[in-house]
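Peer 1: Shown below is the structure under consideration.
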Amino acid sequence: ELVIKKFKLHEHYKAGTPGDDVADNAVLSEFTSNLDIVHNERDAIELTFIDKDKNLAARIANTLVQVIDSVNQQLTLENRRQVLNLYRQRYDYLSTSYERSRRELVGARHRYGIFGLEMQGRYMVKQLIETEAALRKAEASGGDVAGLKRSLRGLTRADGGNLINLESYVAGTDSLAMFTTRVADLQSRLIAARSAYETAELSIKGRLSSVYLVQKAYPATKKFKPVRSLIVLGSMLLTFALSIVFIALLELYRYNRPGAVRPA
């Protein structure tokens, strides 16, 4: 119907006024009889349209391909929107989970006083060894034993006054490792989900063709059907020949019938 209206085929086929049932049916019948869509031997869909005007036929064929592509995209558009919505929901879920886990990780760092597992562990071991060695030396030589004990307590006990201490470090190591691993995992998944969402969004907005066009339709270089004048001439010759045969048979019948007068 779109092609019939676009190319004014009611006027082209001289079928009558658009909107009249008889004229509409006549145009539709003529249009469908001139249209041929087959699956050819090269595993492609071949669309052919026949008309007395070869240029019009080529334009109609190319327009039909565009219409088929548009209809096919509309049929799959809703499904692609649903897929895009699923990608968006997954991204939103991962984004919320990542932000929650990141806040939990930051809170755990402040709670346990751990800001770098590996470097902080090395620092604590070094300080503990040096402080304990100094304490033993002070006990033997009469140095500041009380001060060194306070320093050692601060390094080993959570209530010793030091933000960085062994007790908090040991208690928070497993939690920090778990939170760090989870945040890293969520971050990688979030990046992948964002990439998938952007790709799906670009696909649905890009309006990419769903038809792989092998070759556009071109006006025919020769008539597809026999020339009308040849058909008329052939009909006349056939009628003339049949008339001669009929007359000959009629004369033969009259000559051979009983009582017929024969020339002497």
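Labeling convention for the structure tokens: chains A, B, ... as they appear, residues from 1 per chain, ligands from 1 in order of appearance.
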Which polymer residues have any atom within 12 Å of an atom of Arg100 (chain A), counting only C-alpha atoms, with same-chain residues fewer than 6 positions away left out, as number ranges by chain?

Peer 2: A: 93-94, 106-107, 179, 182-183, 186-187

Peer 1: Keeping only N, CA and C atoms, take the residues you just selected and write them out as a compact mmCIF listing (two decimals), in the first residue's frame.

Peer 2:
# COMPACT_ATOMS: atom_id res chain seq x y z
N TYR A 93 22.47 -2.32 38.74
CA TYR A 93 22.68 -3.22 39.89
C TYR A 93 24.16 -3.28 40.27
N LEU A 94 25.02 -3.46 39.27
CA LEU A 94 26.45 -3.54 39.54
C LEU A 94 26.99 -2.20 40.07
N VAL A 106 36.08 1.40 52.54
CA VAL A 106 36.61 2.62 53.16
C VAL A 106 36.33 2.61 54.66
N GLY A 107 35.10 2.19 55.05
CA GLY A 107 34.78 2.12 56.47
C GLY A 107 35.65 1.13 57.21
N PHE A 179 37.03 -7.47 51.14
CA PHE A 179 36.42 -6.28 50.57
C PHE A 179 37.19 -5.80 49.33
N ARG A 182 36.44 -8.10 46.41
CA ARG A 182 35.07 -7.89 45.91
C ARG A 182 34.96 -6.58 45.13
N VAL A 183 35.57 -5.53 45.64
CA VAL A 183 35.51 -4.24 44.95
C VAL A 183 36.20 -4.33 43.59
N LEU A 186 33.86 -6.32 41.27
CA LEU A 186 32.70 -5.51 40.87
C LEU A 186 33.11 -4.40 39.90
N GLN A 187 34.28 -3.86 40.11
CA GLN A 187 34.75 -2.80 39.21
C GLN A 187 34.95 -3.32 37.78

Peer 1: Would you mind telling me which residue in A:Ala57, A:Leu135, A:Leu166, A:Ile45 lies nearest to Gly113 (chain A) when using only C-alpha atoms?

Peer 2: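 Answer, going by the shortest atom-to-atom distance: A:Leu166.
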
Peer 1: Please provide as a ChimeraX atom specification all residues within 9 Å of Leu190 (chain A), with the sequence filter that same-chain residues fewer than 2 positions apart are discarded (counting only C-alpha atoms).

Peer 2: /A:90-92,94-95,98,185-188,192-195

Peer 1: Write the residues of the selection above to a file with N, CA and C atoms, as a PDB file, in the first residue's frame.

Peer 2:
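Output below, filename result-v2.pdb:
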ATOM      1  N   ARG A  90      21.241  -4.401  34.614  1.00  0.00           N
ATOM      2  CA  ARG A  90      22.457  -5.060  35.115  1.00  0.00           C
ATOM      3  C   ARG A  90      23.510  -4.023  35.483  1.00  0.00           C
ATOM      4  N   TYR A  91      23.660  -2.998  34.651  1.00  0.00           N
ATOM      5  CA  TYR A  91      24.637  -1.953  34.951  1.00  0.00           C
ATOM      6  C   TYR A  91      24.257  -1.214  36.235  1.00  0.00           C
ATOM      7  N   ASP A  92      22.971  -0.872  36.394  1.00  0.00           N
ATOM      8  CA  ASP A  92      22.525  -0.172  37.606  1.00  0.00           C
ATOM      9  C   ASP A  92      22.765  -1.027  38.856  1.00  0.00           C
ATOM     10  N   LEU A  94      25.021  -3.457  39.267  1.00  0.00           N
ATOM     11  CA  LEU A  94      26.451  -3.539  39.543  1.00  0.00           C
ATOM     12  C   LEU A  94      26.989  -2.204  40.072  1.00  0.00           C
ATOM     13  N   SER A  95      26.464  -1.099  39.555  1.00  0.00           N
ATOM     14  CA  SER A  95      26.896   0.212  40.023  1.00  0.00           C
ATOM     15  C   SER A  95      26.538   0.413  41.493  1.00  0.00           C
ATOM     16  N   TYR A  98      28.742  -1.956  43.584  1.00  0.00           N
ATOM     17  CA  TYR A  98      30.121  -1.463  43.644  1.00  0.00           C
ATOM     18  C   TYR A  98      30.249  -0.308  44.627  1.00  0.00           C
ATOM     19  N   ASP A 185      36.561  -7.028  41.752  1.00  0.00           N
ATOM     20  CA  ASP A 185      35.719  -7.846  40.883  1.00  0.00           C
ATOM     21  C   ASP A 185      34.516  -7.052  40.366  1.00  0.00           C
ATOM     22  N   LEU A 186      33.856  -6.319  41.274  1.00  0.00           N
ATOM     23  CA  LEU A 186      32.700  -5.508  40.870  1.00  0.00           C
ATOM     24  C   LEU A 186      33.112  -4.402  39.904  1.00  0.00           C
ATOM     25  N   GLN A 187      34.282  -3.862  40.105  1.00  0.00           N
ATOM     26  CA  GLN A 187      34.754  -2.804  39.210  1.00  0.00           C
ATOM     27  C   GLN A 187      34.949  -3.323  37.783  1.00  0.00           C
ATOM     28  N   SER A 188      35.574  -4.496  37.646  1.00  0.00           N
ATOM     29  CA  SER A 188      35.778  -5.064  36.308  1.00  0.00           C
ATOM     30  C   SER A 188      34.439  -5.431  35.657  1.00  0.00           C
ATOM     31  N   ALA A 192      32.689  -3.809  32.217  1.00  0.00           N
ATOM     32  CA  ALA A 192      32.189  -4.654  31.120  1.00  0.00           C
ATOM     33  C   ALA A 192      30.711  -4.410  30.876  1.00  0.00           C
ATOM     34  N   ALA A 193      29.925  -4.243  31.954  1.00  0.00           N
ATOM     35  CA  ALA A 193      28.487  -3.987  31.800  1.00  0.00           C
ATOM     36  C   ALA A 193      28.241  -2.639  31.144  1.00  0.00           C
ATOM     37  N   ARG A 194      29.039  -1.652  31.506  1.00  0.00           N
ATOM     38  CA  ARG A 194      28.904  -0.336  30.887  1.00  0.00           C
ATOM     39  C   ARG A 194      29.216  -0.396  29.397  1.00  0.00           C
ATOM     40  N   SER A 195      30.256  -1.129  29.051  1.00  0.00           N
ATOM     41  CA  SER A 195      30.625  -1.279  27.643  1.00  0.00           C
ATOM     42  C   SER A 195      29.527  -1.998  26.861  1.00  0.00           C
TER      43      SER A 195
END

Peer 1: Grab the CA of Tyr112 (chain A) to CA of Ala171 (chain A) distance for me, in Å with one decimal place.

Peer 2: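 Straight-line distance from CA of Tyr112 (chain A) to CA of Ala171 (chain A) works out to 7.5 Å.
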
Peer 1: Leaving out Val83 (chain A) and any residue of its chain fewer than 3 positions from it, which residues lie within 10 Å of it when counting only C-alpha atoms, given as a list in words?

Peer 2: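 Near Val83 (chain A), the qualifying residues are Leu77, Glu78, Asn79, Arg80, Leu86, Tyr87, Arg88, Gln89, Tyr197, Ala200, Glu201 and Ile204 of chain A.
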
Peer 1: Excluding Ala58 (chain A) and its own-chain neighbours fewer than 2 positions away, which residues fall within 8 Å of it when counting only C-alpha atoms? Please give them as number ranges by chain.

Peer 2: A: 49, 54-56, 60-62, 217-219

Peer 1: Could the residues in this selection be written to a file with N, CA and C atoms, as a compact mmCIF listing (two decimals), in the first residue's frame?

Peer 2:
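This went into part-v8.txt:
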# COMPACT_ATOMS: atom_id res chain seq x y z
N PHE A 49 10.51 -6.77 -10.06
CA PHE A 49 9.24 -6.09 -10.34
C PHE A 49 9.18 -5.77 -11.82
N LYS A 54 10.57 0.75 -17.42
CA LYS A 54 11.67 0.04 -16.78
C LYS A 54 12.30 0.84 -15.64
N ASN A 55 12.34 2.17 -15.77
CA ASN A 55 12.90 3.00 -14.71
C ASN A 55 12.00 2.99 -13.47
N LEU A 56 10.70 3.04 -13.71
CA LEU A 56 9.75 2.95 -12.60
C LEU A 56 9.85 1.59 -11.91
N ILE A 60 10.68 1.06 -7.97
CA ILE A 60 9.76 0.32 -7.09
C ILE A 60 10.48 -0.85 -6.42
N ALA A 61 11.32 -1.56 -7.15
CA ALA A 61 12.06 -2.69 -6.57
C ALA A 61 12.98 -2.23 -5.45
N ASN A 62 13.70 -1.14 -5.67
CA ASN A 62 14.60 -0.63 -4.63
C ASN A 62 13.82 -0.11 -3.43
N ALA A 217 18.52 -2.78 -7.70
CA ALA A 217 17.78 -3.04 -8.93
C ALA A 217 18.09 -1.96 -9.97
N TYR A 218 18.33 -2.40 -11.20
CA TYR A 218 18.61 -1.49 -12.31
C TYR A 218 17.57 -1.70 -13.41
N PRO A 219 17.30 -0.66 -14.21
CA PRO A 219 16.35 -0.84 -15.32
C PRO A 219 16.82 -1.95 -16.26

Peer 1: Compile the contact shell of Thr63 (chain A) as a PyMOL selection string: residues with an atom at most 12 Å away, counting only C-alpha atoms, same-chain residues fewer than 6 positions apart removed.

Peer 2: chain A and resi 2-4+6-7+47-49+56-57+69-70+216-217

Peer 1: Compare A:Ala220, A:Leu105, A:Ala146, A:Ile50 by their minimum atom-to-atom distance to Leu176 (chain A), counting only C-alpha atoms, and give me the closest one.

Peer 2: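 The shortest atom-to-atom distance to Leu176 (chain A) comes from A:Leu105.
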
Peer 1: For Ala134 (chain A), please output as a list in words all residues within 12 Å (counting only C-alpha atoms; exclusion window: fewer than 2 positions along the same chain).

Peer 2: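 Listed by chain and then number, they are Gln127, Leu128, Ile129, Glu130, Thr131, Glu132, Arg136, Lys137, Ala138, Glu139, Ala140, Ser141, Gly142, Gly143, Asp144, Val145, Ala146, Gly147, Leu148, Lys149, Ser151 and Leu152 of chain A.
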
Peer 1: Identify, with DSSP run on backbone atoms, the residues in region 49-247 of chain A assigned to helix (DSSP H, G or I), and express the list as a ChimeraX atom specification.

Peer 2: /A:54-112,117-141,145-156,158-160,166-206,228-247

Peer 1: If you measure from CA of Ile114 (chain A) to CA of Ala177 (chain A), what distance in Å do you get, rounded to one decimal?

Peer 2: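 Spanning CA of Ile114 (chain A) to CA of Ala177 (chain A) is a straight-line distance of 10.7 Å.
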
Peer 1: Using only C-alpha atoms, pick whichever of A:Lys126, A:Arg81, A:Arg254, A:Lys8 has the shortest atom-to-atom distance to Leu202 (chain A).

Peer 2: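 Among A:Lys126, A:Arg81, A:Arg254, A:Lys8, it is A:Arg81 that comes nearest to Leu202 (chain A).
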